[in-house]
>>> print(open('start_7.cif').read())   # mmCIF, C-alpha atoms
data_start
#
loop_
_atom_site.label_atom_id
_atom_site.label_comp_id
_atom_site.auth_asym_id
_atom_site.auth_seq_id
_atom_site.Cartn_x
_atom_site.Cartn_y
_atom_site.Cartn_z
CA MET K 153 -24.45 13.68 -167.71
CA ASN K 154 -22.21 16.69 -167.49
CA VAL K 155 -21.78 18.19 -170.92
CA GLY K 156 -18.09 18.51 -171.67
CA LEU K 157 -15.54 18.47 -174.41
CA PRO K 158 -15.95 14.76 -175.39
CA HIS K 159 -19.64 15.27 -176.15
CA PHE K 160 -18.92 18.03 -178.63
CA LEU K 161 -16.10 15.99 -180.16
CA THR K 162 -18.46 13.05 -180.57
CA VAL K 163 -21.10 15.15 -182.32
CA SER K 164 -18.35 16.53 -184.52
CA ALA K 165 -17.01 13.05 -185.31
CA ALA K 166 -20.51 11.90 -186.28
CA LEU K 167 -20.92 14.92 -188.56
CA PHE K 168 -17.53 14.23 -190.12
CA ALA K 169 -18.28 10.56 -190.74
CA LEU K 170 -21.64 11.42 -192.30
CA GLY K 171 -20.01 14.03 -194.53
CA LEU K 172 -17.34 11.55 -195.56
CA PHE K 173 -20.00 9.01 -196.43
CA GLY K 174 -21.88 11.63 -198.45
CA VAL K 175 -18.77 12.60 -200.39
CA MET K 176 -18.01 8.97 -201.21
CA ALA K 177 -21.52 7.65 -201.89
CA ARG K 178 -23.28 10.54 -203.63
CA ARG K 179 -23.31 10.70 -207.42
CA ASN K 180 -24.83 14.16 -207.62
CA SER K 181 -21.99 16.66 -207.42
CA ILE K 182 -24.16 19.06 -205.40
CA GLY K 183 -24.65 16.24 -202.89
CA ILE K 184 -20.89 15.79 -202.75
CA LEU K 185 -20.57 19.50 -202.02
CA MET K 186 -23.08 19.15 -199.18
CA GLY K 187 -20.91 16.37 -197.73
CA VAL K 188 -17.89 18.66 -197.88
CA GLU K 189 -19.87 21.35 -196.05
CA LEU K 190 -20.77 18.84 -193.33
CA MET K 191 -17.10 17.94 -192.87
CA LEU K 192 -16.08 21.61 -192.70
CA ASN K 193 -18.74 22.22 -190.07
CA ALA K 194 -17.44 19.27 -188.07
CA ALA K 195 -13.92 20.72 -188.14
CA ASN K 196 -15.29 24.13 -187.13
CA LEU K 197 -17.16 22.62 -184.22
CA ASN K 198 -13.91 21.05 -183.02
CA PHE K 199 -12.11 24.39 -183.28
CA VAL K 200 -14.72 26.16 -181.19
CA ALA K 201 -15.02 23.36 -178.63
CA PHE K 202 -11.26 23.22 -178.09
CA SER K 203 -11.03 27.00 -177.89
CA ARG K 204 -13.70 26.98 -175.18
CA TYR K 205 -12.58 24.04 -173.06
CA VAL K 206 -8.81 23.85 -173.48
CA GLN K 207 -7.39 27.11 -174.71
CA HIS K 208 -9.80 29.69 -173.23
CA GLY K 209 -9.14 32.29 -175.90
CA VAL K 210 -10.73 33.36 -179.14
CA ASP K 211 -8.00 31.95 -181.40
CA GLY K 212 -10.03 28.87 -182.23
CA GLN K 213 -13.07 30.99 -183.00
CA ILE K 214 -11.03 33.19 -185.34
CA LEU K 215 -9.74 30.12 -187.16
CA ALA K 216 -13.32 28.86 -187.42
CA ALA K 217 -14.34 32.21 -188.91
CA PHE K 218 -11.59 31.85 -191.50
CA VAL K 219 -12.83 28.34 -192.30
CA ILE K 220 -16.36 29.73 -192.78
CA VAL K 221 -15.02 32.34 -195.20
CA LEU K 222 -13.05 29.76 -197.16
CA ALA K 223 -16.07 27.44 -197.21
CA ALA K 224 -18.14 30.24 -198.74
CA ALA K 225 -15.50 30.84 -201.42
CA GLU K 226 -15.26 27.10 -202.04
CA ALA K 227 -19.03 26.80 -202.39
CA ALA K 228 -19.17 29.68 -204.87
CA VAL K 229 -16.45 28.22 -207.08
CA ALA K 230 -17.75 24.65 -206.79
CA LEU K 231 -21.29 25.66 -207.72
CA ALA K 232 -19.95 27.63 -210.70
CA ILE K 233 -18.14 24.46 -211.77
CA VAL K 234 -21.36 22.46 -211.30
CA LEU K 235 -23.25 24.91 -213.49
CA ALA K 236 -20.55 24.72 -216.17
CA LEU K 237 -20.69 20.92 -215.93
CA TYR K 238 -24.45 20.99 -216.34
CA ARG K 239 -24.18 23.28 -219.34
CA ASN K 240 -21.60 21.10 -221.07
CA TYR K 241 -22.82 17.61 -220.18
CA GLY K 242 -26.50 18.12 -219.36
CA SER K 243 -26.02 16.38 -216.02
CA VAL K 244 -24.75 17.22 -212.56
CA HIS K 245 -23.54 13.72 -211.82
CA ALA K 246 -19.87 13.56 -211.02
CA ASP K 247 -19.28 10.48 -213.16
CA ALA K 248 -20.85 12.14 -216.20
CA ALA K 249 -17.73 14.22 -216.72
CA GLN K 250 -15.40 11.69 -218.25
CA SER K 251 -13.94 13.48 -221.23
CA LEU K 252 -11.85 16.62 -221.44
CA LYS K 253 -13.53 17.91 -224.57
CA ARG K 254 -17.19 18.52 -225.09
CA MET Z 10 -29.93 19.50 -166.01
CA ILE Z 11 -31.56 21.96 -168.41
CA ARG Z 12 -28.10 22.46 -169.88
CA ASP Z 13 -27.86 18.77 -170.76
CA LEU Z 14 -31.32 18.82 -172.28
CA VAL Z 15 -30.44 21.82 -174.46
CA PHE Z 16 -27.23 20.15 -175.56
CA VAL Z 17 -28.99 16.91 -176.46
CA LEU Z 18 -31.63 18.78 -178.43
CA LEU Z 19 -29.00 20.77 -180.31
CA ALA Z 20 -26.93 17.65 -181.01
CA LEU Z 21 -30.01 15.86 -182.35
CA LEU Z 22 -30.91 18.92 -184.42
CA THR Z 23 -27.42 18.72 -185.90
CA VAL Z 24 -26.91 15.01 -186.49
CA VAL Z 25 -30.37 13.73 -187.46
CA PRO Z 26 -30.87 16.11 -190.43
CA ALA Z 27 -27.24 15.39 -191.41
CA VAL Z 28 -28.26 11.74 -191.85
CA TRP Z 29 -31.09 12.98 -194.05
CA VAL Z 30 -28.65 15.19 -196.03
CA VAL Z 31 -26.54 12.17 -196.83
CA PHE Z 32 -29.23 9.55 -197.50
CA SER Z 33 -32.08 11.50 -199.10
CA LYS Z 34 -32.88 10.56 -202.69
CA HIS Z 35 -34.16 14.05 -203.40
CA ILE Z 36 -31.34 16.57 -203.56
CA VAL Z 37 -33.80 19.38 -202.70
CA HIS Z 38 -34.79 17.56 -199.52
CA ALA Z 39 -31.10 17.14 -198.72
CA GLY Z 40 -30.62 20.89 -199.14
CA PHE Z 41 -33.44 21.70 -196.76
CA ALA Z 42 -32.13 19.17 -194.24
CA LEU Z 43 -28.76 20.90 -194.49
CA LEU Z 44 -30.54 24.05 -193.28
CA PHE Z 45 -31.40 22.34 -189.98
CA THR Z 46 -27.91 20.92 -189.59
CA LEU Z 47 -26.33 24.34 -190.08
CA MET Z 48 -28.77 25.90 -187.61
CA GLY Z 49 -27.94 23.15 -185.13
CA VAL Z 50 -24.22 23.85 -185.50
CA ALA Z 51 -24.94 27.55 -184.95
CA GLY Z 52 -26.83 26.60 -181.81
CA LEU Z 53 -23.87 24.53 -180.61
CA TYR Z 54 -21.60 27.55 -181.20
CA ALA Z 55 -23.93 29.64 -179.08
CA PHE Z 56 -23.92 26.89 -176.46
CA LEU Z 57 -20.12 27.07 -176.43
CA GLY Z 58 -20.25 30.83 -175.84
CA ALA Z 59 -19.15 31.78 -179.34
CA ASP Z 60 -21.86 34.35 -179.97
CA PHE Z 61 -20.16 36.12 -182.87
CA LEU Z 62 -19.45 32.84 -184.63
CA ALA Z 63 -23.04 31.62 -184.19
CA VAL Z 64 -24.38 34.74 -185.91
CA THR Z 65 -21.70 34.48 -188.61
CA GLN Z 66 -22.68 30.86 -189.21
CA VAL Z 67 -26.32 31.79 -189.67
CA MET Z 68 -25.55 34.73 -191.93
CA VAL Z 69 -22.89 33.15 -194.13
CA TYR Z 70 -24.02 29.54 -194.27
CA VAL Z 71 -27.79 29.75 -194.02
CA GLY Z 72 -28.08 33.12 -195.72
CA GLY Z 73 -25.40 32.61 -198.34
CA VAL Z 74 -24.04 29.16 -199.02
CA LEU Z 75 -27.32 27.32 -198.58
CA VAL Z 76 -29.24 29.75 -200.80
CA LEU Z 77 -26.50 29.30 -203.41
CA ILE Z 78 -26.77 25.51 -203.15
CA LEU Z 79 -30.56 25.53 -203.45
CA PHE Z 80 -30.30 27.94 -206.37
CA THR Z 81 -27.97 25.56 -208.17
CA VAL Z 82 -30.15 22.57 -207.33
CA MET Z 83 -33.15 24.26 -208.86
CA MET Z 84 -31.25 25.50 -211.90
CA THR Z 85 -29.89 22.08 -212.74
CA HIS Z 86 -32.96 19.90 -212.94
CA VAL Z 87 -32.20 16.23 -213.49
CA PRO Z 88 -35.22 14.48 -215.04
CA ALA Z 89 -36.54 11.51 -213.11
CA GLN Z 90 -36.13 9.00 -215.94
CA GLY Z 91 -32.48 9.99 -216.17
CA ARG Z 92 -31.77 8.61 -212.73
CA ARG Z 93 -30.40 5.13 -212.71
CA ARG Z 94 -31.44 2.72 -210.00
CA HIS Z 95 -28.59 1.42 -207.95
CA GLY Z 96 -28.41 -1.44 -205.53
CA LEU Z 97 -27.40 -1.07 -201.95
CA ASP Z 98 -23.97 -2.54 -202.70
CA ARG Z 99 -22.82 0.84 -203.95
CA TYR Z 100 -23.20 2.17 -200.40
CA VAL Z 101 -21.28 -0.59 -198.66
CA PRO Z 102 -17.63 0.52 -199.12
CA PRO Z 103 -18.32 4.19 -198.19
CA ALA Z 104 -20.41 3.08 -195.20
CA VAL Z 105 -17.68 0.75 -193.95
CA PHE Z 106 -15.01 3.41 -194.40
CA ALA Z 107 -17.07 6.16 -192.73
CA ALA Z 108 -17.96 3.86 -189.83
CA ALA Z 109 -14.29 2.95 -189.40
CA VAL Z 110 -13.33 6.65 -189.35
CA PHE Z 111 -16.01 7.35 -186.77
CA GLY Z 112 -14.85 4.39 -184.70
CA VAL Z 113 -11.25 5.57 -184.66
CA LEU Z 114 -12.29 9.14 -183.83
CA TYR Z 115 -14.56 7.97 -181.02
CA LYS Z 116 -11.80 5.74 -179.63
CA VAL Z 117 -9.40 8.70 -179.61
CA ILE Z 118 -12.01 11.01 -178.06
CA THR Z 119 -12.73 8.64 -175.19
CA ALA Z 120 -9.15 7.44 -174.67
CA VAL Z 121 -7.29 10.76 -174.55
CA ASP Z 122 -7.22 12.70 -171.30
CA TRP Z 123 -8.13 16.19 -172.53
CA ARG Z 124 -6.72 18.96 -170.35
CA VAL Z 125 -10.02 20.57 -169.56
CA SER Z 126 -10.26 23.14 -166.79
CA GLU Z 127 -13.91 23.78 -166.06
CA GLY Z 128 -13.60 26.89 -163.94
CA ALA Z 129 -11.65 28.88 -166.49
CA ALA Z 130 -13.96 27.60 -169.18
CA ARG Z 131 -16.99 28.88 -167.33
CA GLU Z 132 -15.33 32.25 -166.87
CA ALA Z 133 -14.39 32.37 -170.56
CA MET Z 134 -17.99 31.65 -171.48
CA ALA Z 135 -19.40 34.57 -169.54
CA ARG Z 136 -18.00 37.39 -171.64
CA PRO Z 137 -18.97 38.40 -175.18
CA THR Z 138 -16.38 37.62 -177.82
CA THR Z 139 -17.11 40.06 -180.64
CA ALA Z 140 -14.87 42.88 -179.45
CA GLU Z 141 -12.00 40.54 -178.72
CA ILE Z 142 -12.30 38.82 -182.09
CA GLY Z 143 -12.32 42.23 -183.80
CA THR Z 144 -9.22 43.34 -181.92
CA GLN Z 145 -7.39 40.11 -182.67
CA LEU Z 146 -8.32 40.28 -186.35
CA MET Z 147 -6.86 43.77 -186.61
CA THR Z 148 -3.66 42.96 -184.68
CA SER Z 149 -2.40 39.36 -184.48
CA TYR Z 150 -4.38 38.06 -187.45
CA ILE Z 151 -4.07 41.05 -189.77
CA PHE Z 152 -2.09 39.14 -192.40
CA PRO Z 153 -4.47 36.14 -192.62
CA PHE Z 154 -7.37 38.60 -192.61
CA GLU Z 155 -6.04 40.45 -195.65
CA TYR Z 156 -5.03 37.22 -197.31
CA VAL Z 157 -8.48 35.71 -196.94
CA SER Z 158 -10.01 38.83 -198.49
CA LEU Z 159 -7.69 38.29 -201.45
CA VAL Z 160 -8.83 34.66 -201.66
CA LEU Z 161 -12.46 35.79 -201.65
CA LEU Z 162 -11.77 38.25 -204.47
CA ALA Z 163 -10.02 35.55 -206.50
CA ALA Z 164 -12.89 33.11 -205.89
CA MET Z 165 -15.44 35.74 -206.93
CA VAL Z 166 -13.62 36.52 -210.18
CA GLY Z 167 -13.04 32.82 -210.84
CA ALA Z 168 -16.70 31.95 -210.30
CA ALA Z 169 -17.79 34.79 -212.59
CA ILE Z 170 -15.43 33.58 -215.31
CA LEU Z 171 -16.52 29.96 -214.91
CA ILE Z 172 -20.23 30.62 -215.36
CA ARG Z 173 -19.93 33.21 -218.11
CA GLU Z 174 -21.90 32.34 -221.22
CA ARG Z 175 -19.89 30.41 -223.76
CA SER Z 176 -21.61 32.22 -226.65
CA HIS Z 177 -19.51 35.39 -226.29
CA ALA Z 178 -16.27 33.53 -226.84
CA GLY Z 179 -17.82 31.55 -229.67
CA ALA Z 180 -19.16 34.68 -231.34
CA ALA Z 181 -15.75 36.32 -231.09
CA GLU Z 182 -14.17 33.26 -232.70
CA ASP Z 183 -16.77 33.28 -235.45
CA GLU Z 184 -16.05 36.92 -236.17
CA ASN Z 185 -12.36 36.19 -236.37
CA GLN Z 186 -13.00 33.35 -238.77
CA GLU Z 187 -15.26 35.50 -240.90
CA ALA Z 188 -12.66 38.21 -241.02
CA ARG Z 189 -10.15 35.78 -242.46
CA PRO Z 190 -10.07 35.61 -246.24
#
>>> encode(input="start_7.cif", output="structure tokens")
Amino acid sequence: MNVGLPHFLTVSAALFALGLFGVMARRNSIGILMGVELMLNAANLNFVAFSRYVQHGVDGQILAAFVIVLAAAEAAVALAIVLALYRNYGSVHADAAQSLKR
Amino acid sequence: MIRDLVFVLLALLTVVPAVWVVFSKHIVHAGFALLFTLMGVAGLYAFLGADFLAVTQVMVYVGGVLVLILFTVMMTHVPAQGRRRHGLDRYVPPAVFAAAVFGVLYKVITAVDWRVSEGAAREAMARPTTAEIGTQLMTSYIFPFEYVSLVLLAAMVGAAILIRERSHAGAAEDENQEARP
């Protein structure tokens, strides 16, 4: 086996599928957030793999760095929302939030 | 040969805990499994020659996002009797959909002839990337760089507003109502 681009893409596809499954199957909203993080990591891995094997520059790595920054911002806001949800509904399950007023 | 072994180990370190992240009943266990997945992805970055990005991944994800997630998990305790038992049928549609997505992706990955040039790739791997990334960020990517800092500021302010205690606003309203005749 000679490790090449398809191997990285396969690992990334597996990560993405697992993250997708987590987002769809989890009831805990923190679990859903973990699925989103898995999918973002899969996309990042693709960026870096393509930048190494096809493009030979650092453009893909810079884009991946931007994705990491946006993922951090997303996690901060999402976890603030989860805490607000927990305070208002006493639960972190996504299907607990079914009404607009408390 | 040792290269292949390292890659397989890193790929297993990435994918196997990811399965645990998705399927674990305990959300705390899922969080700790996410730690290994993120470290595995950082290792794959290093394997791909992206040294700066590997360190960034460890610092931002493992040092920041994951600590935040575990913090939230431990602050929002869901009592055990509150959990409802669900049958396996709840997992069937997501599993079918995720498997279909993986199948399509794998088909594309194996079918497409990627324009890989190994020699240039090996040369690109040999040099450190930090200086080049810094130069690019300050020249070609200066606008996205500034923009993303703005996004971070907005997210920080938004998160602070979202988790602020409700009692201040309520107290202010009460005062207003008391002030009314």
>>> resolve_selection(input="start_7.cif", expression="the PyMOL selection byres ((chain Z and resi 149-164) around 10)", output="JSON, numbers by chain")
{"K": [211, 214, 215, 218, 219, 221, 222, 224, 225, 226, 227, 228, 229, 230], "Z": [142, 143, 144, 145, 146, 147, 148, 165, 166, 167, 168, 169, 170]}
>>> atom_distance(input="start_7.cif", atom1="CA of Ala169 in chain K", atom2="CA of Phe199 in chain K")
16.9 Å
>>> interface_residues(input="start_7.cif", of="chain K", to="chain Z", cutoff="8 Å", atoms="all atoms listed in the file", output="PyMOL selection string")
chain K and resi 153-155+157-158+161-163+165-174+176-178+182-183+186-187+190+193+197+200-201+204-206+208-210+213-214+216-218+220-222+224-229+231-236+238+243-244
>>> write_last_selection(input="start_7.cif", atoms="C-alpha atoms", output="compact mmCIF listing (two decimals), keeping the file's coordinate frame")
# COMPACT_ATOMS: atom_id res chain seq x y z
CA MET K 153 -24.45 13.68 -167.71
CA ASN K 154 -22.21 16.69 -167.49
CA VAL K 155 -21.78 18.19 -170.92
CA LEU K 157 -15.54 18.47 -174.41
CA PRO K 158 -15.95 14.76 -175.39
CA LEU K 161 -16.10 15.99 -180.16
CA THR K 162 -18.46 13.05 -180.57
CA VAL K 163 -21.10 15.15 -182.32
CA ALA K 165 -17.01 13.05 -185.31
CA ALA K 166 -20.51 11.90 -186.28
CA LEU K 167 -20.92 14.92 -188.56
CA PHE K 168 -17.53 14.23 -190.12
CA ALA K 169 -18.28 10.56 -190.74
CA LEU K 170 -21.64 11.42 -192.30
CA GLY K 171 -20.01 14.03 -194.53
CA LEU K 172 -17.34 11.55 -195.56
CA PHE K 173 -20.00 9.01 -196.43
CA GLY K 174 -21.88 11.63 -198.45
CA MET K 176 -18.01 8.97 -201.21
CA ALA K 177 -21.52 7.65 -201.89
CA ARG K 178 -23.28 10.54 -203.63
CA ILE K 182 -24.16 19.06 -205.40
CA GLY K 183 -24.65 16.24 -202.89
CA MET K 186 -23.08 19.15 -199.18
CA GLY K 187 -20.91 16.37 -197.73
CA LEU K 190 -20.77 18.84 -193.33
CA ASN K 193 -18.74 22.22 -190.07
CA LEU K 197 -17.16 22.62 -184.22
CA VAL K 200 -14.72 26.16 -181.19
CA ALA K 201 -15.02 23.36 -178.63
CA ARG K 204 -13.70 26.98 -175.18
CA TYR K 205 -12.58 24.04 -173.06
CA VAL K 206 -8.81 23.85 -173.48
CA HIS K 208 -9.80 29.69 -173.23
CA GLY K 209 -9.14 32.29 -175.90
CA VAL K 210 -10.73 33.36 -179.14
CA GLN K 213 -13.07 30.99 -183.00
CA ILE K 214 -11.03 33.19 -185.34
CA ALA K 216 -13.32 28.86 -187.42
CA ALA K 217 -14.34 32.21 -188.91
CA PHE K 218 -11.59 31.85 -191.50
CA ILE K 220 -16.36 29.73 -192.78
CA VAL K 221 -15.02 32.34 -195.20
CA LEU K 222 -13.05 29.76 -197.16
CA ALA K 224 -18.14 30.24 -198.74
CA ALA K 225 -15.50 30.84 -201.42
CA GLU K 226 -15.26 27.10 -202.04
CA ALA K 227 -19.03 26.80 -202.39
CA ALA K 228 -19.17 29.68 -204.87
CA VAL K 229 -16.45 28.22 -207.08
CA LEU K 231 -21.29 25.66 -207.72
CA ALA K 232 -19.95 27.63 -210.70
CA ILE K 233 -18.14 24.46 -211.77
CA VAL K 234 -21.36 22.46 -211.30
CA LEU K 235 -23.25 24.91 -213.49
CA ALA K 236 -20.55 24.72 -216.17
CA TYR K 238 -24.45 20.99 -216.34
CA SER K 243 -26.02 16.38 -216.02
CA VAL K 244 -24.75 17.22 -212.56
>>> resolve_selection(input="start_7.cif", expression="the PyMOL selection byres ((chain K and resi 179) around 6)", output="number ranges by chain")
K: 178, 180, 245-246
>>> atom_distance(input="start_7.cif", atom1="CA of Leu185 in chain K", atom2="CA of Val76 in chain Z")
13.5 Å
>>> atom_distance(input="start_7.cif", atom1="CA of Pro26 in chain Z", atom2="CA of Phe45 in chain Z")
6.3 Å
>>> closest_residue(input="start_7.cif", among="Z:Ile11, Z:Gly49, Z:Ala55, Z:Asp98", to="Ala194 in chain K", atoms="all atoms listed in the file")
Z:Gly49
>>> decode(input="start_7.cif", residues="range 160-251 of chain K", atoms="C-alpha atoms", output="tab-separated table (two decimals), in the first residue's frame")
chain	number	residue	atom	x	y	z
K	160	PHE	CA	-6.99	10.48	3.17
K	161	LEU	CA	-10.22	11.12	1.29
K	162	THR	CA	-11.59	7.80	2.51
K	163	VAL	CA	-10.76	8.57	6.14
K	164	SER	CA	-12.36	11.96	5.66
K	165	ALA	CA	-15.49	10.44	4.10
K	166	ALA	CA	-15.80	8.03	7.03
K	167	LEU	CA	-15.48	10.91	9.49
K	168	PHE	CA	-18.09	12.88	7.57
K	169	ALA	CA	-20.56	9.99	7.46
K	170	LEU	CA	-20.12	9.36	11.19
K	171	GLY	CA	-20.64	13.05	11.94
K	172	LEU	CA	-23.74	13.10	9.76
K	173	PHE	CA	-25.10	10.08	11.59
K	174	GLY	CA	-24.38	11.75	14.93
K	175	VAL	CA	-26.17	14.94	13.91
K	176	MET	CA	-29.23	13.00	12.77
K	177	ALA	CA	-29.43	10.35	15.49
K	178	ARG	CA	-28.37	12.17	18.66
K	179	ARG	CA	-31.02	13.73	20.89
K	180	ASN	CA	-28.57	15.52	23.15
K	181	SER	CA	-27.78	18.86	21.55
K	182	ILE	CA	-24.16	18.65	22.75
K	183	GLY	CA	-23.92	15.33	20.90
K	184	ILE	CA	-25.26	17.03	17.80
K	185	LEU	CA	-22.55	19.67	18.18
K	186	MET	CA	-19.92	16.92	18.40
K	187	GLY	CA	-21.25	15.51	15.11
K	188	VAL	CA	-20.90	18.93	13.51
K	189	GLU	CA	-17.30	19.12	14.76
K	190	LEU	CA	-16.59	15.72	13.20
K	191	MET	CA	-17.95	16.90	9.84
K	192	LEU	CA	-15.90	20.12	10.00
K	193	ASN	CA	-12.78	18.08	10.73
K	194	ALA	CA	-13.55	15.85	7.75
K	195	ALA	CA	-13.80	18.90	5.49
K	196	ASN	CA	-10.55	20.26	6.93
K	197	LEU	CA	-8.78	17.00	6.29
K	198	ASN	CA	-9.89	17.17	2.66
K	199	PHE	CA	-8.59	20.74	2.36
K	200	VAL	CA	-5.17	19.79	3.69
K	201	ALA	CA	-4.93	16.58	1.66
K	202	PHE	CA	-5.79	18.34	-1.58
K	203	SER	CA	-3.40	21.18	-0.81
K	204	ARG	CA	-0.62	18.64	-0.30
K	205	TYR	CA	-1.23	16.28	-3.20
K	206	VAL	CA	-2.83	18.39	-5.92
K	207	GLN	CA	-2.17	22.06	-5.40
K	208	HIS	CA	1.25	22.06	-3.65
K	209	GLY	CA	0.69	25.37	-1.91
K	210	VAL	CA	-0.51	26.52	1.47
K	211	ASP	CA	-3.87	27.87	0.24
K	212	GLY	CA	-5.72	24.79	1.42
K	213	GLN	CA	-4.04	24.97	4.80
K	214	ILE	CA	-5.03	28.62	5.18
K	215	LEU	CA	-8.63	27.77	4.35
K	216	ALA	CA	-8.48	24.96	6.91
K	217	ALA	CA	-7.18	27.44	9.49
K	218	PHE	CA	-10.15	29.70	8.75
K	219	VAL	CA	-12.49	26.73	9.17
K	220	ILE	CA	-10.89	25.98	12.56
K	221	VAL	CA	-11.46	29.58	13.64
K	222	LEU	CA	-15.08	29.53	12.50
K	223	ALA	CA	-15.60	26.16	14.21
K	224	ALA	CA	-14.34	27.67	17.47
K	225	ALA	CA	-16.75	30.60	17.12
K	226	GLU	CA	-19.56	28.22	16.24
K	227	ALA	CA	-18.83	26.04	19.26
K	228	ALA	CA	-18.82	29.04	21.60
K	229	VAL	CA	-22.17	30.33	20.34
K	230	ALA	CA	-23.74	26.87	20.17
K	231	LEU	CA	-22.70	26.01	23.72
K	232	ALA	CA	-24.07	29.35	24.94
K	233	ILE	CA	-27.35	28.43	23.26
K	234	VAL	CA	-27.23	24.98	24.91
K	235	LEU	CA	-26.73	26.59	28.31
K	236	ALA	CA	-29.64	28.98	27.70
K	237	LEU	CA	-31.75	26.01	26.59
K	238	TYR	CA	-30.84	24.13	29.75
K	239	ARG	CA	-31.69	27.12	31.90
K	240	ASN	CA	-35.09	27.61	30.27
K	241	TYR	CA	-36.20	24.02	29.73
K	242	GLY	CA	-34.14	22.04	32.24
K	243	SER	CA	-32.94	19.74	29.48
K	244	VAL	CA	-30.31	19.72	26.76
K	245	HIS	CA	-32.29	17.53	24.42
K	246	ALA	CA	-32.95	19.13	21.08
K	247	ASP	CA	-36.58	18.01	20.97
K	248	ALA	CA	-37.28	19.54	24.39
K	249	ALA	CA	-37.36	23.00	22.86
K	250	GLN	CA	-40.74	23.02	21.23
K	251	SER	CA	-42.26	26.30	22.30
